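A quick write-up on the structure given underneath.
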Amino acid sequence: NYLAERLSAARKDAGSSLFLRNHQTGEDVTYQAFFANAERMAQALVASGVKPGDRVAVQAPKTIAMLELYVATVLAGGVFLPLNTAYTPNEITYFLTDAEPRVFVCDLAREEEFSPVAKKAGVAKVLTIGADESGSLADLRDAAAPGFNAVTRGPDDLAAILYTSGTTGRSKGAMLTHQALASNAETLKDAWHFSADDVLIHALPIFHTHGLFVATNITLMAGSSCIFMPNFDADDILDYMPQATVLMGVPTFYVRLLNSEGLTDASANMRLFVSGSAPLLTETHEHWRDVTGHAILERYGMTETNMNTSNPYDGDRRAGTVGFPLPGIEMLVTNPATGAPLPQGETGVLEVRGPNVFAGYWKMPEKTAEELRDNGFFITGDLGRMDDDGYVHIVGRQKDLIISGGYNIYPKEIELLIDALEGINESAVIGVPHPDFGEAVVAVVVVQNGAKTSAADIMTGIKDDLARFKQPKRIEFVKSLPRNAMGKVQKKALREEYDGTFK
Ligand code: ATP
Ligand code: MG
């Protein structure tokens with residue numbers, strides 16, 4: 001079993017050493033105990049009918065049992081399919097009908113709600129995981145005999161299907177192979193200098209690639225340990241920092257931690273802060289460096305590819321960039337219309353090729369053919385450029401590009417100017433339908449607490465740096481930008497909200 005062997009490699013050396021510290025119970029789980037449980041859970045899955053290639057879907061609270069289920073599914077030769085805990089019964093119906101899992105594991109507290117949903121979607125077996133680590137899956141695990149012979153799986157077999165976040169449209173199931181997951185974890189472990197001495201603060205959800213694969217797979221591969229928290233809590237994270245070495249977060253983690261007392265002292269012995277899943281503002285990067293002395297390491301990835309680029313561990317971690325392509329991963333910037341590679345420095349679509357790239361979208365052969373080229377390059381849909389020093393800058397998503405009066409407008413250019421103005425907290429620039437221009441630029445702005453700024457002030461502040469056609473035709477003030485669980489600004493929701501502005 002290609003992935004299981006690699007994820008459990010540290011088990012032998014790290015057998016009695018600590019894998020997880022459970023924040024909720026204070027309990028310490030050794031590598032030995034974790035894998036012993038995962039093996040018994042694998043038995044329970046096989047007894048529940050899971051055969052090689054079968055999907056095991058789960059929507060459950062972030063627990064150690066859910067992490068065991070991930071490893072157990074891999075051991076049993078199944079395909080792990082975690083679902084966002086925010087999804088409603090109707091959304092779950094879509095995912096279960098689409099993925100046809102052998103088993104669906106749901107939240108014990110919502111069993112009555114979800115059991116009929118699963119049955120209706122044709123899933124034969126429903127099991128549960130409770131927020132307190134209980135549930136029918138744990139019962140089956142505890143009743144199983146110890147030990148399990150991992151089912152043979154090769155590098156090209158599927159280990160997981162992860163649905164994308166649905167930022168630009170309906171979520172797509174990205175099929176991830178044993179090799180894609182293993183190679184990326186190995187690469188990141190080395191790039192970020194992970195060792196058995198590391199203690200990671202794990203406060204990310206485990207239904208998403210960031211918390212599941214980046215955080216968990218690296219920890220397992222390096223034989224490190226982690227402090228396992230059910231969710232983000234700034235005070236708790238500050239309390240843990242003196243015993244920890246690494247924090248992985250989305251940008252909102254860092255923004256919120258900066259508002260907490262005692263960050264300077266708490267972070268003194270930390271080794272590394274990693275950010276990703278959404279753009280980290282330059283201002284946050286600089287503020288963090290002032291307060292803690294650490295330069296946050298920003299990296300760029302996605303469900304379909306795991307991580308593609310990273311700022312350097314040794315060397316200059318540049319704010320506003322996502323660093324260099326990782327070893328073994330090629331990146332091209334291409335012309336959105338023709339697909340031809342562009343000269344260095346020009347902005348275009350980012351394409352990636354490497355062992356990390358997914359095997360296609362589940363049951364979407366046409367979508368797969370559109371985005372995955374015959375030569376192996378995946379068309380990410382993100383726009384960016386590579387500067388003279390090779391650092392990659394993400395400019396935004398192709399779907400967020402504004403075309404006004406026939407001109408291409410990159411929202412990021414306008415957002416950066418607005419964000420730099422006095423009294424501005426953050427902004428999101430979108431295109432909305434306009435009778436004359438096709439689309440018109442609208443800036444949605446969040447003002448800092450207590451600051452007094454008008455639309456006229458903003459226009460005065462940016463107009464010298466922006467061609468007329470790029471200047472916002474409307475400025476809207478809001479209390480906060482709509483974000484999902486990964487801190488991604490939901491521009492689709494904003495476009496819908498302001499759709500009628502010029503109609
Ligand atoms: P969908 O594909 O369903 O529209 P999504 O792209 O948001 O949703 P994910 O795979 O969770 O789903 O997110 C990947 C995207 O997140 C990338 O394509 C990129 O746009 C963005 N992203 C990730 N890391 C960064 C970063 N460091 N800076 C800017 N954007 C980032
Ligand atoms: Mg995407």
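So you can find residues: chains in the structure tokens are A, B, ... in the order shown, residues in each start at 1, and ligands are numbered from 1 in order.
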
Using only C-alpha atoms and all ligand atoms, find each protein or nucleic acid residue lying at most 6 Å from ligand 1; present the set as number ranges by chain. A: 164-169, 171, 276-279, 298-303, 322, 382, 394, 397

Same residues, C-alpha atoms, output as a PDB file, in the first residue's frame:
```pdb
ATOM      1  CA  THR A 164     -13.112  21.803  -4.281  1.00  0.00           C
ATOM      2  CA  SER A 165     -14.335  24.695  -2.152  1.00  0.00           C
ATOM      3  CA  GLY A 166     -16.988  25.818  -4.629  1.00  0.00           C
ATOM      4  CA  THR A 167     -15.655  29.388  -4.764  1.00  0.00           C
ATOM      5  CA  THR A 168     -16.209  29.762  -8.508  1.00  0.00           C
ATOM      6  CA  GLY A 169     -19.074  27.334  -9.094  1.00  0.00           C
ATOM      7  CA  SER A 171     -17.718  21.900  -6.157  1.00  0.00           C
ATOM      8  CA  GLY A 276      -2.202  29.666   2.472  1.00  0.00           C
ATOM      9  CA  SER A 277      -5.638  28.884   0.950  1.00  0.00           C
ATOM     10  CA  ALA A 278      -6.273  32.583   0.325  1.00  0.00           C
ATOM     11  CA  PRO A 279      -4.050  35.618  -0.272  1.00  0.00           C
ATOM     12  CA  GLU A 298       3.177  31.894   2.219  1.00  0.00           C
ATOM     13  CA  ARG A 299       2.538  29.014  -0.149  1.00  0.00           C
ATOM     14  CA  TYR A 300       0.044  28.339  -2.937  1.00  0.00           C
ATOM     15  CA  GLY A 301      -1.948  25.235  -3.658  1.00  0.00           C
ATOM     16  CA  MET A 302      -5.346  23.856  -4.446  1.00  0.00           C
ATOM     17  CA  THR A 303      -7.496  20.784  -4.005  1.00  0.00           C
ATOM     18  CA  VAL A 322       3.729  32.694  -3.058  1.00  0.00           C
ATOM     19  CA  ASP A 382      -5.552  31.310 -11.375  1.00  0.00           C
ATOM     20  CA  ILE A 394      -1.041  35.455  -7.774  1.00  0.00           C
ATOM     21  CA  ARG A 397      -8.776  34.039 -10.541  1.00  0.00           C
TER      22      ARG A 397
END
```

Spatial neighbours of A:Gly293, max dist 9 Å, only C-alpha atoms, sep filter under 5 positions, as a ChimeraX atom specification: /A:264,267-268,288

Would you kindly return, as a list in words, each protein, DNA or RNA residue with an atom no farther than 10 Å from any atom of A:Gly173, considering only C-alpha atoms and excluding same-chain residues fewer than 3 positions away? Leu81, Phe95, Asp98, Ala99, Ala160, Ile161, Leu162, Tyr163, Thr164, Ser165, Arg170, Leu176, Thr303, Glu304, Gly360, Tyr361, Trp362, Lys363 and Met364 of chain A

Restricting the calculation to only C-alpha atoms, which member of A:Thr25, A:Asn231, A:Gln43, A:Thr380 is positioned closest to A:Ala203? A:Asn231

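The closest residue to A:Ala131, picked from A:Ile418, A:Ala60, A:Leu494, A:Val71 and counting only C-alpha atoms, is A:Ala60.
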
Measuring atom to atom with only C-alpha atoms, identify which of A:Gly390, A:Pro242, A:Pro155, A:Pro472 is nearest to A:Ala428. A:Pro472

Within 10 Å of A:Gly147 using only C-alpha atoms, minus same-chain residues under 2 positions, as number ranges by chain: A: 35-43, 144-145, 149-150

Okay, now the selection with N, CA, C and O atoms, as a short mmCIF file (atom, residue, chain, number, x, y, z; two decimals), in the first residue's frame?
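part25.cif, freshly written:
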```cif
data_model
loop_
_atom_site.label_atom_id
_atom_site.label_comp_id
_atom_site.auth_asym_id
_atom_site.auth_seq_id
_atom_site.Cartn_x
_atom_site.Cartn_y
_atom_site.Cartn_z
N PHE A 35 -2.08 4.18 15.19
CA PHE A 35 -2.10 3.20 14.10
C PHE A 35 -2.82 1.92 14.51
O PHE A 35 -3.49 1.28 13.69
N ALA A 36 -2.71 1.55 15.79
CA ALA A 36 -3.44 0.37 16.26
C ALA A 36 -4.95 0.59 16.08
O ALA A 36 -5.67 -0.29 15.61
N ASN A 37 -5.40 1.79 16.41
CA ASN A 37 -6.82 2.12 16.22
C ASN A 37 -7.20 2.17 14.75
O ASN A 37 -8.26 1.69 14.36
N ALA A 38 -6.32 2.78 13.95
CA ALA A 38 -6.63 2.90 12.51
C ALA A 38 -6.74 1.50 11.90
O ALA A 38 -7.60 1.25 11.04
N GLU A 39 -5.89 0.58 12.34
CA GLU A 39 -5.95 -0.79 11.80
C GLU A 39 -7.25 -1.48 12.18
O GLU A 39 -7.88 -2.16 11.36
N ARG A 40 -7.65 -1.29 13.43
CA ARG A 40 -8.92 -1.92 13.83
C ARG A 40 -10.09 -1.27 13.09
O ARG A 40 -11.07 -1.93 12.74
N MET A 41 -9.96 0.01 12.84
CA MET A 41 -11.02 0.69 12.09
C MET A 41 -11.06 0.18 10.65
O MET A 41 -12.13 0.05 10.05
N ALA A 42 -9.88 -0.11 10.10
CA ALA A 42 -9.83 -0.66 8.74
C ALA A 42 -10.58 -1.99 8.70
O ALA A 42 -11.32 -2.28 7.75
N GLN A 43 -10.41 -2.80 9.76
CA GLN A 43 -11.18 -4.06 9.85
C GLN A 43 -12.67 -3.78 9.83
O GLN A 43 -13.44 -4.46 9.16
N ALA A 144 -13.26 -4.71 17.10
CA ALA A 144 -12.46 -5.47 16.13
C ALA A 144 -11.16 -5.98 16.78
O ALA A 144 -10.64 -5.38 17.72
N ALA A 145 -10.65 -7.09 16.23
CA ALA A 145 -9.39 -7.65 16.73
C ALA A 145 -8.24 -6.76 16.27
O ALA A 145 -8.34 -6.10 15.25
N ASN A 149 -3.76 -6.30 7.75
CA ASN A 149 -2.82 -6.33 6.64
C ASN A 149 -3.27 -5.34 5.58
O ASN A 149 -4.30 -5.56 4.94
N ALA A 150 -2.50 -4.28 5.40
CA ALA A 150 -2.91 -3.22 4.47
C ALA A 150 -3.18 -3.81 3.10
O ALA A 150 -2.43 -4.65 2.61
#
```

Using only C-alpha atoms, which of A:Arg55, A:Lys120, A:His393, A:Lys399 sits nearest A:Gly381? A:Lys399

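Picture a line from atom CA of A:Ser224 to atom CA of A:Asp13; it runs 11.1 Å.
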
Excluding same-chain residues fewer than 2 positions from A:Leu75, what lies within 6 Å of it counting only C-alpha atoms, as a PyMOL selection string? chain A and resi 72-73+77+150-151

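Among the candidates A:Leu220, A:Met229, A:Leu481, A:Ala174, the one nearest to ligand 2 when counting only C-alpha atoms and all ligand atoms is A:Ala174.
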
Write out as an MDAnalysis selection string the set of residues from stretch 128-325 of chain A that DSSP, computed on the backbone, places in strand (DSSP E or B). chainID A and resid 128:129 158:163 173:177 199:202 225:228 246:249 272:275 297:302 306:310 324:325

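By chain and then residue number, the residues within 12 Å of A:His287 are Tyr254, Val255, Arg256, Leu257, Leu258, Asn259, Leu263, Thr264, Leu280, Leu281, Thr282, Thr292, Gly293, His294, Ala295, Ile296 and Ala319 of chain A, counting only C-alpha atoms and disregarding those fewer than 5 positions away in sequence.
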
Test item: residues at most 8 Å from A:Asn335, only C-alpha atoms, excluding those fewer than 4 positions along its chain, as an MDAnalysis selection string: chainID A and resid 339:342 348:349

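Shortest separation to A:Phe19 among A:Asn84, A:Asn184, A:Ser48, A:Thr216 occurs at residue A:Thr216, atoms counted being only C-alpha atoms.
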
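In this model, the gap between atom CA of A:His178 and atom CA of A:Leu3 comes to 5.1 Å.
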